[in-house]
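Below is one structure, written out as structure tokens, with a few remarks after it.
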Amino acid sequence: MEKRERRALLEEMLAVATWPPAELERRLAWSADPAYWTGLLAGASIGRAASRIDATSAPGEHVASAAASIHADGYGMVPAVLGPETLRLLNSSIDSVLANGWPPVFAWVFDVMWSVTRAAAVRHLVAATLGEGARQIPHVWVNVVSDQGKGWASHVDGGDGSDPRARLTLWIALTDAGLDDGCIYLVPRSAAPADLYTFDWSTECLRQADAVRMLEATRAMPVSAGSALAWNFDLLHWSGVRRGTSGARRSLSVEFLAGGATAAPDEVPLLPCGADDPLPTLDERLRYIATVLLEYNVHETAMRRFAPLAEALLTRAV
């Protein structure tokens, strides 16, 4: 079967899998009702105040080391950003939305997800890397990589020509992400061509010398549940294949912009993320979720079946 035929078949399958109009209307009504969501998960909340986030160690020296690594080579790691109770709540949030037929990113309706961006280690790492006054870009995601599957293919974040080093992605493992669990792989900035951020992968080819240098420098980044990886937007990275035999590899990702940087059109509205700043409203959360469902389905084709829901949520929010 040729590539064009496979694509047509996939699009046909996704169209069949899309919810019928009556189900879509039910989902729209449910999504706007806080009581619906909190009814899915005991102890869940949807409010304006951040939940308590536990960690198994103080950020201290790990944050300083990670920030220095990010400044030098584009990436860093902080262990034990989240403790076991927060991990349990985050994974239970994902379980609840998956069990009720929603894509995993809808776990971001719950306070505990947004509270992670206010966690001490997160705030300290963002400040150490981007400076005081950094704000959150409303691009939020949940990755669920099943057995024998893999996450996103190789890419750099962003891509609109804005300053990539004024931007930071934070990727937090919600389950262990070892070598056989589909951990993140990356190419340190020092080993990548200077124009990698603006490289057009669809039409351009790397010089052989650049490709060999990048291949030899590639690093696997296995981390335990609760640990965080962070990288600038000009860092080439991708997901490995999960070869485990139980469960799935889970992670969440968020993005931040330095205080003095100008946001790109797809990065607004920027969100304050101080310890005492209010969390987004439910309507705002749904709008951010809908936006990334449409933007990120290029990386996860299975999410395309939810495009009508995303479009309806955005239309309703206008």
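Residue names in the structure tokens use chain letters A, B, ... in the order shown, residue numbers from 1 in each chain, and ligand numbers from 1 in the order shown.
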Find the residues of range 59-110 of chain A that sit at most 12 Å from range 143-149 of chain A; for each, write down the nearest two atoms and how far apart they are in Å, to one decimal. Count only C-alpha atoms. Sort by chain, then by number going up, and give it as CSV.
residue,atom,partner,partner_atom,distance
A:Asn91,CA,A:Val144,CA,10.6
A:Ile94,CA,A:Val144,CA,9.3
A:Asp95,CA,A:Val144,CA,10.8
A:Leu98,CA,A:Val144,CA,10.4
A:Pro103,CA,A:Val144,CA,9.8
A:Pro104,CA,A:Val144,CA,7.5
A:Val105,CA,A:Asn143,CA,8.0
A:Phe106,CA,A:Asn143,CA,11.6
A:Ala107,CA,A:Asn143,CA,11.1
Would you save the residues from that selection as a PDB file, in the first residue's frame, using C-alpha atoms?
ATOM      1  CA  ASN A  91      -2.216   9.727  37.376  1.00  0.00           C
ATOM      2  CA  ILE A  94      -5.574  10.945  33.721  1.00  0.00           C
ATOM      3  CA  ASP A  95      -7.210   7.611  34.566  1.00  0.00           C
ATOM      4  CA  LEU A  98      -9.439   8.157  29.831  1.00  0.00           C
ATOM      5  CA  PRO A 103      -8.297  12.349  25.401  1.00  0.00           C
ATOM      6  CA  PRO A 104      -5.664  12.507  28.172  1.00  0.00           C
ATOM      7  CA  VAL A 105      -5.059  16.262  27.820  1.00  0.00           C
ATOM      8  CA  PHE A 106      -8.479  16.841  29.432  1.00  0.00           C
ATOM      9  CA  ALA A 107      -6.839  15.983  32.764  1.00  0.00           C
TER      10      ALA A 107
END
Give me the residues near Leu279 in chain A as an NGL selection string, where near means some atom within 9 Å (using only C-alpha atoms) and where sequence neighbours in that chain fewer than 6 positions away do not count. :A and (47-50 or 111 or 114-115 or 271-273)
Please save C-alpha atoms of the selected residues as a CSV table (one decimal), in the first residue's frame.
chain,number,residue,atom,x,y,z
A,47,GLY,CA,-11.1,26.4,41.5
A,48,ARG,CA,-8.8,29.4,41.5
A,49,ALA,CA,-6.3,28.4,44.2
A,50,ALA,CA,-3.4,26.0,43.7
A,111,ASP,CA,-6.6,22.0,39.7
A,114,TRP,CA,-2.2,23.5,37.0
A,115,SER,CA,-0.8,23.5,40.5
A,271,LEU,CA,-0.4,33.2,32.2
A,272,PRO,CA,1.0,34.4,35.5
A,273,CYS,CA,2.4,31.5,37.4
May I have all residues of range 164-299 of chain A that DSSP, computed from the backbone, assigns to strand (DSSP E), given as number ranges by chain? A: 167-173, 184-187, 219-221, 228-232, 236-239, 249-257
Which residues are near Ala312 in chain A? Cut-off 10 Å, only C-alpha atoms, ignore same chain within fewer than 3 positions. Put them as a ChimeraX atom specification. /A:24-25,28,290,307-309,315-317
Which residue gives the smallest distance to Leu206 in chain A among A:Arg242, A:Arg167, A:His62, A:Ala192, with only C-alpha atoms counted? A:Ala192
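From CA of Glu295 in chain A back to CA of Thr262 in chain A, the distance works out to 20.3 Å.
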Mind listing the helix (DSSP H, G or I) residues of range 59-258 of chain A, per DSSP on the backbone, as a VMD selection string? chain A and resid 60 to 73 84 to 99 104 to 109 111 to 116 120 to 130 164 to 166 189 to 191 196 to 198 208 to 217
So which residues touch Asp234 in chain A within 9 Å, counting only C-alpha atoms, skipping near sequence neighbours fewer than 4 positions away, as a PyMOL selection string? chain A and resi 74+156-159+163-165+167+189+196-198
Can you tell me, as a PyMOL selection string, what residues are no more than 8 Å from Leu252 in chain A when counting only C-alpha atoms, ignoring any on the same chain fewer than 2 positions away? chain A and resi 140-143+171-174+250+254
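Considering the residues A:Ser162, A:Thr18, A:Ser246, A:Gln208 and counting only C-alpha atoms, Pro265 in chain A has its shortest atom-to-atom contact with A:Ser162.
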Determine, counting only C-alpha atoms, which protein, DNA and RNA residues have an atom within 7 Å of an atom of Ala80 in chain A; residues of the same chain fewer than 6 positions away are not included. Present the result as number ranges by chain. A: 55-57, 226-227
Closest contacts (range 94-194 of chain A/range 31-42 of chain A, max 8 Å, only C-alpha atoms) as a tab-separated table:
residue	atom	partner	partner_atom	distance
A:Ser96	CA	A:Leu40	CA	6.0
A:Val97	CA	A:Leu40	CA	7.7
A:Val109	CA	A:Trp37	CA	7.7
A:Phe110	CA	A:Trp37	CA	7.9
Keeping N, CA and C atoms for every residue in the selection just given, could you write it to a file as a JSON list (two decimals), in the first residue's frame?
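File written: selection.json
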[["chain", "number", "residue", "atom", "x", "y", "z"],
["A", 96, "SER", "N", -9.12, 9.00, 35.13],
["A", 96, "SER", "CA", -10.55, 9.34, 35.14],
["A", 96, "SER", "C", -11.02, 9.84, 33.78],
["A", 97, "VAL", "N", -10.21, 10.66, 33.11],
["A", 97, "VAL", "CA", -10.67, 11.17, 31.81],
["A", 97, "VAL", "C", -10.58, 10.08, 30.74],
["A", 109, "VAL", "N", -8.24, 19.88, 33.13],
["A", 109, "VAL", "CA", -9.38, 20.60, 33.74],
["A", 109, "VAL", "C", -9.22, 20.66, 35.26],
["A", 110, "PHE", "N", -8.42, 19.77, 35.85],
["A", 110, "PHE", "CA", -8.32, 19.67, 37.30],
["A", 110, "PHE", "C", -7.24, 20.59, 37.86]]
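Of the residues listed (A:Pro138, A:Gly259, A:Gly247, A:Gly182), A:Gly259 shows the shortest atom-to-atom separation from Val126 in chain A; distances use only C-alpha atoms.
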